[in-house]
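This is coords_1.cif. It holds mmCIF, C-alpha atoms.
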data_structure
#
loop_
_atom_site.label_atom_id
_atom_site.label_comp_id
_atom_site.auth_asym_id
_atom_site.auth_seq_id
_atom_site.Cartn_x
_atom_site.Cartn_y
_atom_site.Cartn_z
CA MET A 1194 -50.76 -56.32 26.36
CA LEU A 1195 -51.70 -53.72 28.98
CA SER A 1196 -50.24 -53.74 32.46
CA PRO A 1197 -52.59 -53.83 35.48
CA GLU A 1198 -51.82 -50.14 36.12
CA GLU A 1199 -52.79 -49.28 32.55
CA TRP A 1200 -56.04 -51.21 32.81
CA GLU A 1201 -56.73 -49.30 36.00
CA ILE A 1202 -56.22 -46.02 34.09
CA VAL A 1203 -58.64 -47.08 31.37
CA ARG A 1204 -61.21 -48.26 33.91
CA LEU A 1205 -60.95 -45.01 35.87
CA SER A 1206 -61.23 -42.90 32.71
CA LEU A 1207 -64.36 -44.75 31.61
CA LYS A 1208 -65.88 -44.45 35.08
CA VAL A 1209 -65.14 -40.72 35.33
CA SER A 1210 -66.51 -40.04 31.83
CA LEU A 1211 -69.66 -42.13 32.29
CA VAL A 1212 -70.48 -40.51 35.62
CA ALA A 1213 -69.74 -37.07 34.16
CA VAL A 1214 -72.11 -37.62 31.22
CA ALA A 1215 -74.82 -39.21 33.37
CA GLY A 1216 -74.70 -36.31 35.77
CA ALA A 1217 -74.52 -33.62 33.09
CA LEU A 1218 -77.26 -35.13 30.90
CA PRO A 1219 -80.34 -33.90 32.81
CA VAL A 1220 -78.73 -30.53 33.50
CA ALA A 1221 -77.74 -30.13 29.85
CA PHE A 1222 -81.20 -31.12 28.64
CA ALA A 1223 -82.92 -28.69 31.00
CA LEU A 1224 -80.58 -25.88 29.92
CA ALA A 1225 -81.02 -26.76 26.25
CA TRP A 1226 -84.79 -26.74 26.72
CA VAL A 1227 -84.82 -23.37 28.44
CA LEU A 1228 -82.49 -21.86 25.84
CA ALA A 1229 -84.47 -23.33 22.92
CA ARG A 1230 -87.98 -22.63 24.13
CA GLY A 1231 -87.77 -20.12 26.95
CA ARG A 1232 -88.32 -16.37 26.62
CA PHE A 1233 -87.07 -14.54 29.68
CA PRO A 1234 -84.77 -11.67 30.58
CA GLY A 1235 -81.19 -12.79 31.11
CA LYS A 1236 -81.39 -15.55 28.50
CA LEU A 1237 -78.35 -14.14 26.72
CA LEU A 1238 -76.42 -14.15 29.99
CA LEU A 1239 -77.39 -17.76 30.74
CA ASP A 1240 -76.35 -18.72 27.20
CA ALA A 1241 -72.97 -17.05 27.73
CA LEU A 1242 -72.48 -18.68 31.15
CA VAL A 1243 -73.19 -22.14 29.73
CA HIS A 1244 -70.62 -21.59 27.00
CA LEU A 1245 -67.99 -20.14 29.30
CA PRO A 1246 -66.05 -23.41 29.89
CA LEU A 1247 -65.67 -23.69 26.11
CA VAL A 1248 -63.73 -20.43 25.81
CA LEU A 1249 -62.16 -20.03 29.24
CA PRO A 1250 -58.62 -21.39 29.75
CA PRO A 1251 -59.29 -24.82 31.34
CA VAL A 1252 -56.88 -23.99 34.15
CA VAL A 1253 -59.15 -21.08 35.10
CA THR A 1254 -62.21 -23.34 35.06
CA GLY A 1255 -60.29 -25.75 37.32
CA TRP A 1256 -59.36 -22.95 39.68
CA LEU A 1257 -62.99 -21.72 39.81
CA LEU A 1258 -64.08 -25.28 40.61
CA LEU A 1259 -61.49 -25.33 43.38
CA LEU A 1260 -62.96 -22.14 44.84
CA ALA A 1261 -66.55 -23.34 44.61
CA PHE A 1262 -66.22 -27.06 45.30
CA GLY A 1263 -63.11 -27.16 47.45
CA ALA A 1264 -63.27 -28.12 51.12
CA ASN A 1265 -64.11 -24.52 52.05
CA GLY A 1266 -66.07 -23.61 48.92
CA PRO A 1267 -69.78 -22.95 49.39
CA ALA A 1268 -70.86 -25.63 46.90
CA GLY A 1269 -68.30 -28.07 48.29
CA ARG A 1270 -69.59 -27.66 51.85
CA TRP A 1271 -73.19 -27.98 50.72
CA PHE A 1272 -72.50 -31.23 48.85
CA ALA A 1273 -70.51 -32.59 51.79
CA GLN A 1274 -73.29 -31.86 54.27
CA THR A 1275 -76.25 -32.79 52.07
CA PHE A 1276 -75.02 -35.83 50.13
CA ASP A 1277 -71.78 -36.67 51.94
CA ILE A 1278 -69.91 -36.23 48.65
CA THR A 1279 -66.53 -34.52 48.46
CA PHE A 1280 -64.72 -33.55 45.28
CA MET A 1281 -61.21 -32.47 46.30
CA PHE A 1282 -58.54 -34.91 45.07
CA ARG A 1283 -61.24 -37.51 44.40
CA TRP A 1284 -62.40 -39.20 41.21
CA THR A 1285 -65.77 -37.51 41.81
CA GLY A 1286 -63.98 -34.19 41.34
CA ALA A 1287 -62.51 -35.44 38.06
CA ALA A 1288 -66.04 -36.35 36.97
CA LEU A 1289 -67.31 -32.92 37.99
CA ALA A 1290 -64.57 -31.15 36.05
CA ALA A 1291 -65.25 -33.34 33.01
CA ALA A 1292 -68.99 -32.66 33.29
CA VAL A 1293 -68.50 -28.90 33.43
CA MET A 1294 -66.17 -28.96 30.44
CA ALA A 1295 -68.52 -31.22 28.45
CA LEU A 1296 -71.65 -29.25 29.31
CA PRO A 1297 -71.45 -26.59 26.56
CA LEU A 1298 -71.04 -29.20 23.82
CA MET A 1299 -73.95 -31.24 25.18
CA VAL A 1300 -76.21 -28.21 25.50
CA ARG A 1301 -75.41 -27.09 21.95
CA ALA A 1302 -76.28 -30.43 20.36
CA MET A 1303 -79.45 -30.83 22.40
CA ARG A 1304 -80.59 -27.26 21.86
CA LEU A 1305 -80.26 -27.60 18.09
CA SER A 1306 -82.31 -30.79 18.10
CA ILE A 1307 -85.02 -29.28 20.32
CA GLU A 1308 -85.18 -26.22 18.08
CA ALA A 1309 -85.55 -28.50 15.06
CA VAL A 1310 -88.70 -30.14 16.42
CA ASP A 1311 -91.73 -28.81 14.55
CA ARG A 1312 -93.89 -27.36 17.31
CA ARG A 1313 -96.95 -27.72 15.14
CA LEU A 1314 -96.62 -31.48 15.64
CA GLU A 1315 -97.03 -30.89 19.37
CA GLY A 1316 -100.18 -28.91 18.59
CA ALA A 1317 -101.46 -31.82 16.51
CA ALA A 1318 -100.81 -34.19 19.42
CA ARG A 1319 -102.71 -31.89 21.76
CA THR A 1320 -105.81 -31.87 19.53
CA LEU A 1321 -105.62 -35.68 19.46
CA GLY A 1322 -106.02 -35.81 23.22
CA ALA A 1323 -102.46 -35.61 24.57
CA GLY A 1324 -101.78 -33.30 27.51
CA PRO A 1325 -98.61 -31.19 27.57
CA TRP A 1326 -96.52 -33.87 29.28
CA ARG A 1327 -97.66 -36.68 27.02
CA SER A 1328 -97.07 -34.52 23.99
CA PHE A 1329 -93.56 -33.85 25.29
CA ALA A 1330 -92.87 -37.53 26.01
CA THR A 1331 -94.30 -38.98 22.79
CA ILE A 1332 -93.52 -36.26 20.24
CA THR A 1333 -90.89 -33.75 21.35
CA LEU A 1334 -88.54 -36.07 23.21
CA PRO A 1335 -88.39 -38.84 20.57
CA LEU A 1336 -87.88 -36.30 17.79
CA ALA A 1337 -85.09 -34.63 19.76
CA THR A 1338 -83.49 -37.94 20.80
CA PRO A 1339 -80.86 -38.14 18.03
CA GLY A 1340 -79.54 -34.78 19.19
CA VAL A 1341 -79.66 -35.82 22.83
CA VAL A 1342 -77.70 -38.99 22.02
CA ALA A 1343 -75.25 -37.02 19.90
CA GLY A 1344 -74.80 -34.57 22.75
CA ALA A 1345 -74.21 -37.35 25.25
CA ILE A 1346 -71.60 -39.08 23.09
CA LEU A 1347 -69.90 -35.81 22.30
CA GLY A 1348 -69.84 -35.09 26.02
CA PHE A 1349 -68.42 -38.55 26.71
CA ALA A 1350 -65.63 -38.07 24.18
CA ARG A 1351 -64.90 -34.62 25.59
CA SER A 1352 -64.82 -36.05 29.13
CA LEU A 1353 -62.36 -38.76 28.12
CA GLY A 1354 -60.01 -36.08 26.82
CA GLU A 1355 -60.42 -33.64 29.71
CA PHE A 1356 -57.04 -32.53 31.09
CA GLY A 1357 -56.52 -28.92 32.17
CA ALA A 1358 -59.44 -28.31 34.52
CA THR A 1359 -59.08 -31.79 36.00
CA ILE A 1360 -55.37 -31.60 36.85
CA THR A 1361 -55.90 -28.11 38.32
CA PHE A 1362 -58.90 -29.12 40.39
CA VAL A 1363 -58.08 -32.62 41.60
CA SER A 1364 -54.38 -33.00 40.77
CA ASN A 1365 -52.73 -36.16 39.45
CA ILE A 1366 -53.27 -39.03 41.86
CA PRO A 1367 -52.71 -42.59 40.55
CA GLY A 1368 -55.84 -44.70 40.84
CA GLU A 1369 -57.97 -41.74 41.89
CA THR A 1370 -57.67 -38.84 39.45
CA ARG A 1371 -55.04 -40.00 36.95
CA THR A 1372 -57.21 -40.39 33.86
CA LEU A 1373 -55.96 -41.31 30.41
CA PRO A 1374 -54.74 -37.87 29.27
CA ILE A 1375 -53.14 -37.15 32.64
CA ALA A 1376 -51.46 -40.55 32.59
CA ILE A 1377 -50.09 -39.84 29.11
CA TYR A 1378 -48.81 -36.48 30.33
CA SER A 1379 -47.18 -38.12 33.38
CA ALA A 1380 -45.56 -40.80 31.26
CA LEU A 1381 -44.16 -38.15 28.95
CA GLN A 1382 -42.31 -36.65 31.94
CA VAL A 1383 -40.46 -39.95 32.51
CA PRO A 1384 -37.58 -40.69 30.09
CA GLY A 1385 -37.84 -43.99 28.22
CA SER A 1386 -41.57 -44.50 28.57
CA ASP A 1387 -42.37 -44.21 24.85
CA ALA A 1388 -44.00 -47.64 24.79
CA VAL A 1389 -46.39 -46.72 27.60
CA VAL A 1390 -47.28 -43.42 25.91
CA THR A 1391 -47.90 -45.20 22.61
CA ARG A 1392 -50.18 -47.81 24.18
CA LEU A 1393 -52.19 -45.20 26.10
CA ALA A 1394 -52.47 -42.97 23.03
CA ILE A 1395 -53.74 -45.88 20.93
CA ILE A 1396 -56.36 -46.57 23.60
CA ALA A 1397 -57.44 -42.93 23.50
CA VAL A 1398 -57.82 -43.04 19.72
CA VAL A 1399 -59.77 -46.33 19.83
CA LEU A 1400 -62.14 -45.15 22.57
CA SER A 1401 -62.84 -41.88 20.77
CA LEU A 1402 -63.48 -43.67 17.48
CA LEU A 1403 -65.78 -46.16 19.19
CA ALA A 1404 -67.77 -43.33 20.74
CA LEU A 1405 -68.27 -41.64 17.36
CA VAL A 1406 -69.24 -44.87 15.59
CA ALA A 1407 -71.62 -45.80 18.41
CA SER A 1408 -73.29 -42.41 18.28
CA GLU A 1409 -73.81 -42.64 14.53
CA ALA A 1410 -75.21 -46.18 14.79
CA LEU A 1411 -77.55 -45.19 17.62
CA ALA A 1412 -78.80 -42.10 15.85
CA ARG A 1413 -79.50 -44.14 12.72
CA ARG A 1414 -81.54 -46.67 14.69
CA ILE A 1415 -83.47 -44.09 16.70
CA GLY A 1416 -84.05 -41.80 13.74
CA ARG A 1417 -85.32 -44.63 11.49
CA GLY A 1418 -88.32 -42.77 10.11
CA THR A 1419 -86.73 -39.38 10.07
CA GLY A 1420 -83.35 -40.00 8.45
CA SER A 1421 -81.19 -38.13 10.93
CA HIS A 1422 -77.43 -38.34 11.41
CA VAL A 1423 -74.76 -37.38 13.88
CA LEU A 1424 -71.78 -37.65 11.54
CA MET B 1421 -126.36 -24.29 16.62
CA SER B 1422 -123.24 -26.33 15.98
CA PHE B 1423 -120.75 -23.48 16.11
CA GLU B 1424 -121.23 -20.24 18.01
CA ILE B 1425 -117.99 -18.33 17.62
CA ASP B 1426 -117.07 -14.83 18.60
CA VAL B 1427 -113.32 -14.39 19.05
CA SER B 1428 -110.67 -11.78 18.59
CA ARG B 1429 -106.94 -11.92 19.03
CA ARG B 1430 -104.07 -9.59 18.33
CA LEU B 1431 -101.18 -11.16 16.39
CA GLY B 1432 -98.33 -8.75 15.90
CA ASP B 1433 -99.90 -5.53 14.65
CA ARG B 1434 -103.09 -7.03 13.25
CA ILE B 1435 -106.27 -8.11 14.93
CA ILE B 1436 -107.94 -11.34 13.91
CA ALA B 1437 -111.63 -11.08 14.70
CA CYS B 1438 -114.37 -13.45 13.68
CA ALA B 1439 -117.98 -13.91 14.79
CA PHE B 1440 -120.56 -16.28 13.35
CA GLN B 1441 -123.13 -18.92 14.17
CA ALA B 1442 -123.59 -22.00 12.08
CA PRO B 1443 -126.13 -24.86 12.10
CA ALA B 1444 -125.31 -28.55 11.69
CA GLY B 1445 -123.51 -29.73 8.56
CA LEU B 1446 -120.43 -28.36 6.88
CA THR B 1447 -119.66 -24.70 7.43
CA ALA B 1448 -117.05 -23.08 5.23
CA LEU B 1449 -114.92 -20.19 6.42
CA PHE B 1450 -114.23 -18.61 3.07
CA GLY B 1451 -111.77 -15.83 2.39
CA PRO B 1452 -108.42 -14.91 0.83
CA SER B 1453 -105.12 -16.34 2.03
CA GLY B 1454 -103.70 -14.45 4.96
CA ALA B 1455 -107.08 -13.40 6.34
CA GLY B 1456 -106.42 -15.25 9.58
CA LYS B 1457 -108.66 -18.25 8.91
CA THR B 1458 -106.15 -20.70 10.38
CA SER B 1459 -105.84 -18.56 13.52
CA VAL B 1460 -109.62 -18.79 13.95
CA LEU B 1461 -109.45 -22.59 13.66
CA ASN B 1462 -106.57 -22.65 16.16
CA MET B 1463 -108.65 -20.62 18.61
CA ILE B 1464 -111.55 -23.06 18.22
CA ALA B 1465 -109.17 -26.01 18.69
CA GLY B 1466 -107.68 -24.42 21.80
CA LEU B 1467 -104.19 -24.07 20.31
CA LEU B 1468 -104.38 -20.27 20.34
CA LYS B 1469 -106.02 -18.37 23.15
CA PRO B 1470 -108.23 -15.49 22.06
CA ASP B 1471 -107.78 -12.13 23.79
CA THR B 1472 -111.54 -11.81 24.12
CA GLY B 1473 -114.61 -13.78 23.15
CA THR B 1474 -116.33 -17.12 23.34
CA VAL B 1475 -116.19 -20.46 21.56
CA ARG B 1476 -119.21 -22.74 21.83
CA VAL B 1477 -119.49 -25.97 19.88
CA ALA B 1478 -122.63 -28.14 19.90
CA GLY B 1479 -123.92 -26.32 22.96
CA GLU B 1480 -120.74 -26.72 25.02
CA THR B 1481 -118.70 -23.70 26.04
CA LEU B 1482 -115.03 -24.33 25.24
CA THR B 1483 -113.74 -20.79 25.69
CA ASP B 1484 -115.28 -17.88 27.53
CA ILE B 1485 -112.53 -15.39 28.28
CA ALA B 1486 -114.78 -13.07 30.32
CA ALA B 1487 -115.74 -16.01 32.57
CA GLY B 1488 -112.13 -17.24 32.72
CA ALA B 1489 -112.96 -20.52 30.96
CA ASP B 1490 -110.58 -22.07 28.44
CA VAL B 1491 -110.74 -25.84 27.94
CA PRO B 1492 -107.29 -27.19 26.97
CA PRO B 1493 -107.05 -28.63 23.44
CA GLU B 1494 -106.72 -32.23 24.59
CA ARG B 1495 -110.16 -32.10 26.22
CA ARG B 1496 -112.05 -30.40 23.39
CA ARG B 1497 -112.43 -33.50 21.23
CA ALA B 1498 -111.73 -31.55 18.08
CA GLY B 1499 -110.68 -33.58 15.04
CA TYR B 1500 -108.24 -31.20 13.40
CA ILE B 1501 -107.13 -31.94 9.85
CA PHE B 1502 -104.23 -29.72 8.89
CA GLN B 1503 -103.25 -28.34 5.53
CA ASP B 1504 -100.01 -30.32 5.50
CA GLY B 1505 -101.24 -33.53 7.13
CA ARG B 1506 -98.83 -33.07 10.00
CA LEU B 1507 -98.29 -36.79 10.57
CA PHE B 1508 -95.80 -37.74 13.27
CA PRO B 1509 -92.63 -38.53 11.30
CA HIS B 1510 -91.22 -40.95 13.87
CA MET B 1511 -94.27 -43.23 13.89
CA SER B 1512 -95.54 -45.68 11.30
CA VAL B 1513 -98.92 -45.00 9.70
CA ARG B 1514 -100.48 -47.53 12.08
CA ARG B 1515 -99.10 -45.78 15.15
CA ASN B 1516 -100.17 -42.40 13.80
CA LEU B 1517 -103.71 -43.74 13.45
CA ARG B 1518 -103.65 -45.25 16.91
CA TYR B 1519 -102.26 -42.13 18.59
CA GLY B 1520 -105.55 -40.36 19.23
CA GLU B 1521 -107.58 -43.56 19.42
CA LYS B 1522 -105.63 -44.79 22.45
CA LEU B 1523 -106.13 -41.47 24.23
CA ALA B 1524 -109.89 -41.33 23.62
CA ARG B 1525 -112.17 -42.72 26.28
CA PRO B 1526 -113.67 -46.05 25.16
CA GLU B 1527 -117.24 -44.77 25.57
CA HIS B 1528 -116.46 -41.80 23.33
CA ARG B 1529 -115.12 -43.85 20.43
CA TRP B 1530 -117.48 -44.18 17.52
CA MET B 1531 -115.25 -45.65 14.85
CA THR B 1532 -112.96 -48.66 14.94
CA MET B 1533 -109.54 -48.84 13.35
CA GLY B 1534 -110.92 -51.36 10.83
CA ASP B 1535 -113.81 -49.09 9.87
CA ALA B 1536 -111.52 -46.10 9.43
CA VAL B 1537 -109.05 -48.08 7.33
CA ASP B 1538 -111.86 -49.35 5.06
CA PHE B 1539 -113.58 -45.98 4.89
CA LEU B 1540 -110.37 -44.28 3.74
CA GLY B 1541 -108.91 -47.14 1.73
CA ILE B 1542 -105.56 -47.09 3.53
CA ALA B 1543 -105.13 -50.77 4.44
CA SER B 1544 -102.01 -51.07 2.30
CA LEU B 1545 -100.33 -48.10 3.99
CA LEU B 1546 -100.39 -49.24 7.62
CA ASP B 1547 -96.76 -50.32 7.87
CA ARG B 1548 -95.34 -47.42 5.87
CA TRP B 1549 -93.55 -44.37 7.25
CA PRO B 1550 -95.09 -40.93 6.72
CA ARG B 1551 -92.17 -39.64 4.64
CA THR B 1552 -92.79 -42.38 2.05
CA LEU B 1553 -96.43 -41.37 1.50
CA SER B 1554 -97.71 -39.22 -1.35
CA GLY B 1555 -99.61 -36.05 -0.46
CA GLY B 1556 -102.98 -37.70 -1.02
CA GLU B 1557 -102.06 -40.79 1.02
CA ALA B 1558 -100.75 -38.66 3.87
CA GLN B 1559 -103.94 -36.60 3.92
CA ARG B 1560 -106.09 -39.76 4.09
CA VAL B 1561 -104.05 -41.00 7.04
CA ALA B 1562 -104.35 -37.60 8.70
CA ILE B 1563 -108.13 -37.73 8.27
CA GLY B 1564 -108.19 -41.26 9.72
CA ARG B 1565 -106.05 -40.19 12.66
CA ALA B 1566 -108.46 -37.35 13.43
CA LEU B 1567 -111.59 -39.52 13.05
CA LEU B 1568 -110.17 -42.22 15.34
CA SER B 1569 -109.56 -39.74 18.16
CA ALA B 1570 -113.34 -39.78 18.75
CA PRO B 1571 -113.96 -36.13 17.89
CA ARG B 1572 -117.27 -34.34 18.42
CA PHE B 1573 -116.54 -31.96 15.58
CA LEU B 1574 -114.04 -31.59 12.77
CA LEU B 1575 -111.83 -28.66 11.82
CA MET B 1576 -110.38 -28.80 8.31
CA ASP B 1577 -107.73 -26.29 7.28
CA GLU B 1578 -107.48 -26.22 3.48
CA PRO B 1579 -107.05 -30.01 3.38
CA LEU B 1580 -106.88 -30.03 -0.43
CA SER B 1581 -104.48 -27.19 -1.06
CA SER B 1582 -101.27 -29.23 -1.05
CA LEU B 1583 -102.65 -31.84 -3.48
CA ASP B 1584 -102.65 -32.14 -7.27
CA ALA B 1585 -105.95 -32.13 -9.19
CA ALA B 1586 -106.45 -35.91 -9.22
CA ARG B 1587 -105.74 -36.37 -5.48
CA ARG B 1588 -107.88 -33.34 -4.77
CA ALA B 1589 -110.93 -34.92 -6.43
CA GLU B 1590 -110.29 -38.11 -4.46
CA ILE B 1591 -110.10 -36.41 -1.05
CA LEU B 1592 -113.09 -34.21 -1.94
CA VAL B 1593 -115.18 -37.38 -2.22
CA VAL B 1594 -113.88 -38.55 1.17
CA ILE B 1595 -114.89 -35.25 2.76
CA GLU B 1596 -118.36 -35.42 1.19
CA ARG B 1597 -118.79 -38.88 2.61
CA ILE B 1598 -117.68 -37.69 6.07
CA ARG B 1599 -120.21 -34.85 5.81
CA ASP B 1600 -123.07 -37.08 4.66
CA GLU B 1601 -122.41 -40.34 6.54
CA LEU B 1602 -120.86 -39.30 9.85
CA LYS B 1603 -123.11 -36.33 10.66
CA LEU B 1604 -120.37 -34.44 12.51
CA PRO B 1605 -120.34 -30.65 12.54
CA ILE B 1606 -117.47 -29.61 10.27
CA LEU B 1607 -115.74 -26.26 10.03
CA TYR B 1608 -113.91 -26.07 6.73
CA VAL B 1609 -111.42 -23.35 5.83
CA SER B 1610 -110.76 -22.59 2.18
CA HIS B 1611 -109.94 -19.82 -0.28
CA ASP B 1612 -111.31 -21.78 -3.26
CA ARG B 1613 -114.82 -20.73 -4.28
CA ALA B 1614 -115.61 -23.88 -6.30
CA GLU B 1615 -114.58 -26.13 -3.40
CA VAL B 1616 -116.70 -24.18 -0.95
CA ASP B 1617 -119.75 -24.14 -3.25
CA ARG B 1618 -119.56 -27.87 -3.67
CA LEU B 1619 -119.07 -28.80 -0.01
CA ALA B 1620 -120.64 -26.19 2.24
CA ASP B 1621 -124.10 -26.07 3.76
CA THR B 1622 -123.27 -22.69 5.27
CA ILE B 1623 -120.72 -20.17 4.05
CA VAL B 1624 -119.10 -17.63 6.37
CA PRO B 1625 -117.10 -15.01 4.47
CA ILE B 1626 -113.95 -13.71 6.14
CA GLU B 1627 -112.20 -10.63 4.86
#

Could I get this file's structure written as structure tokens?
Amino acid sequence: MLSPEEWEIVRLSLKVSLVAVAGALPVAFALAWVLARGRFPGKLLLDALVHLPLVLPPVVTGWLLLLAFGANGPAGRWFAQTFDITFMFRWTGAALAAAVMALPLMVRAMRLSIEAVDRRLEGAARTLGAGPWRSFATITLPLATPGVVAGAILGFARSLGEFGATITFVSNIPGETRTLPIAIYSALQVPGSDAVVTRLAIIAVVLSLLALVASEALARRIGRGTGSHVL
Amino acid sequence: MSFEIDVSRRLGDRIIACAFQAPAGLTALFGPSGAGKTSVLNMIAGLLKPDTGTVRVAGETLTDIAAGADVPPERRRAGYIFQDGRLFPHMSVRRNLRYGEKLARPEHRWMTMGDAVDFLGIASLLDRWPRTLSGGEAQRVAIGRALLSAPRFLLMDEPLSSLDAARRAEILVVIERIRDELKLPILYVSHDRAEVDRLADTIVPIE
């Protein structure tokens, strides 16, 4: 049904999206926590910065990534020296771009779920002998989990669809940075490739649907006692 | 003295201040709604830090702001029973009951799960979820959860106020039995004169 090249595109897209979500998850949770619970000067600014990729033209986000994480960018050099990771024209760069673009959506979902946790329950846990960390791990985190899962799945779906920042930052290299949307775009440039476009588009629809259904099923299972939903 | 309390704390533009000493038995903090009674309980439980003052329970200093002492809530061994039960919604009744029990040191425990379940008559509820419980059932479970955490004293914040008359009478009997059979110092907050007259050994008015 799919050609080996098309399977490669699907595999690469899944890899990029999974790595993007895995990398963004702890960052998004920490940001969501700080924005939900923190009280500090500059909170509004941090909130705006986190949401910037949502409203900025993706091509600008891609260009900013190029400046920061390119071969001569400060962040790029630091990553290269510290972890031996480079982003330019690599699938890692595609994952980074997807993570940055998915971050606002993930933070939003997680922040809402953290804000919805009744802090008086944490107080109750404390009086029952739980220290702050145990109270966080046994009360706050489980109660916020449906939102964290929803945020992760939303981020995954967003990553799968990421196009503008990715093509600007890491270009369109078969097998390395040509993810599903970029492959569809490339195929559209070639006359007579309607069949390829159709197959890739169907895959995109199926993957997105699966992500949504999976998130709903997960949230139902995790939220058993509490009756929470994603959809 | 069971309770030696002298605390004050500013909340917004009002100052909650409360000072009293109470012997063993059940002490009622009695006063109108909004007088800051819950804030006083929270300061004794360690959930709210007073601006100034001291909290001593059964001879042990839990808070002494001048001396820089403030024991965190998890080490105070306070059995706090809240107005609204405040059961953990993501845990079954059994896991709610076990929550504090597991965290208590074995040598501190003075009640087993079986005893608590019999005492409160909640054997049939163990596998239920909190949201399926009636108000009276939830309050029994909340009392059991507090008792199983091996407390040295109990704090009760209007535990009857969210219940209808029949459930109220039922829980009132449970509280009388706790007072008479378990011999724990109890601090009981209420705005209901009849309730206070029936339960309290000592009454502390709060205005």

Assuming the chain letters and numbering stay as they are in my file, what does the PyMOL selection byres ((chain B) within 9 of (chain A)) actually select? List them as a PyMOL selection string. chain B and resi 1465-1467+1492-1502+1506-1512+1519-1521+1523-1524+1549-1551+1565-1566+1568-1571

If you take only C-alpha atoms and a cut-off of 8 Å, which residues of stretch 1263-1290 of chain A touch stretch 1206-1228 of chain A, and what are their nearest atom pairs and distances in Å to one decimal, in chain and number order, as CSV?
residue,atom,partner,partner_atom,distance
A:Trp1284,CA,A:Val1209,CA,6.7
A:Thr1285,CA,A:Val1209,CA,7.3
A:Ala1287,CA,A:Val1209,CA,6.5
A:Ala1288,CA,A:Ala1213,CA,4.7
A:Leu1289,CA,A:Ala1213,CA,6.1

Would you compute the distance between atom CA of B:Asp1600 and atom CA of B:Leu1446? Give it in Å to one decimal.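 Separation between atom CA of B:Asp1600 and atom CA of B:Leu1446: 9.4 Å.
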
- [ ] Evaluate the PyMOL selection byres ((chain B and resi 1445) around 12) and record the selected residues as a count of residues only, following the chain and residue labels used in the document.
- [x] 31

inquiry  = I'd like to see the residues matched by the PyMOL selection byres ((chain B and resi 1580-1586) around 12) on this file, and ideally I'd get them as a ChimeraX atom specification.
reply    = /B:1453,1501-1506,1554-1560,1563,1576-1579,1587-1595,1608-1612,1615-1616

- Select, from B:Ala1536, B:Cys1438, B:Val1561, B:Ala1486, the residue with the minimum atom-to-atom distance to B:Lys1457, counting all atoms listed in the file.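 The closest residue to B:Lys1457 is B:Cys1438.
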
Counting only C-alpha atoms, give me one row per residue of stretch 1304-1353 of chain A with an atom at most 9 Å from an atom of stretch 1393-1411 of chain A, showing the shortest contact pair and its distance in Å to one decimal, sorted by chain then residue number, as a tab-separated table.
residue	atom	partner	partner_atom	distance
A:Pro1339	CA	A:Leu1411	CA	7.8
A:Val1342	CA	A:Ser1408	CA	6.7
A:Ala1343	CA	A:Ser1408	CA	6.0
A:Ala1345	CA	A:Ser1408	CA	8.7
A:Ile1346	CA	A:Ser1408	CA	6.1
A:Leu1347	CA	A:Leu1405	CA	7.8
A:Phe1349	CA	A:Ala1404	CA	7.7
A:Ala1350	CA	A:Ser1401	CA	5.8
A:Arg1351	CA	A:Ser1401	CA	9.0
A:Leu1353	CA	A:Ala1397	CA	7.9

Expressed in Å, the length from atom CA of A:Ile1278 to atom CA of A:Ala1292 is 15.8 Å

Problem set entry | Distance of atom CA of A:Phe1362 from atom CA of A:Pro1197, expressed in Å to one decimal place |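 Here the two named atoms are 26.0 Å from each other.
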
Can you pull out the residues contacting A:Pro1367? Cut-off 9 Å, using all atoms listed in the file, and skip same-chain residues under 3 positions away; I want them as a ChimeraX atom specification. /A:1198,1202,1370-1372,1376

Would you pick out the contacts of stretch 1255-1266 of chain A at 8 Å or less, using only C-alpha atoms, so that residues sharing its chain but fewer than 5 positions from it are not included, and give the list as a ChimeraX atom specification? /A:1279-1281,1290,1357-1362

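Of the listed residues (A:Arg1304, A:Arg1413, A:Asp1277, A:Gly1344), A:Arg1304 comes nearest to A:Arg1230; the distances count all atoms listed in the file.
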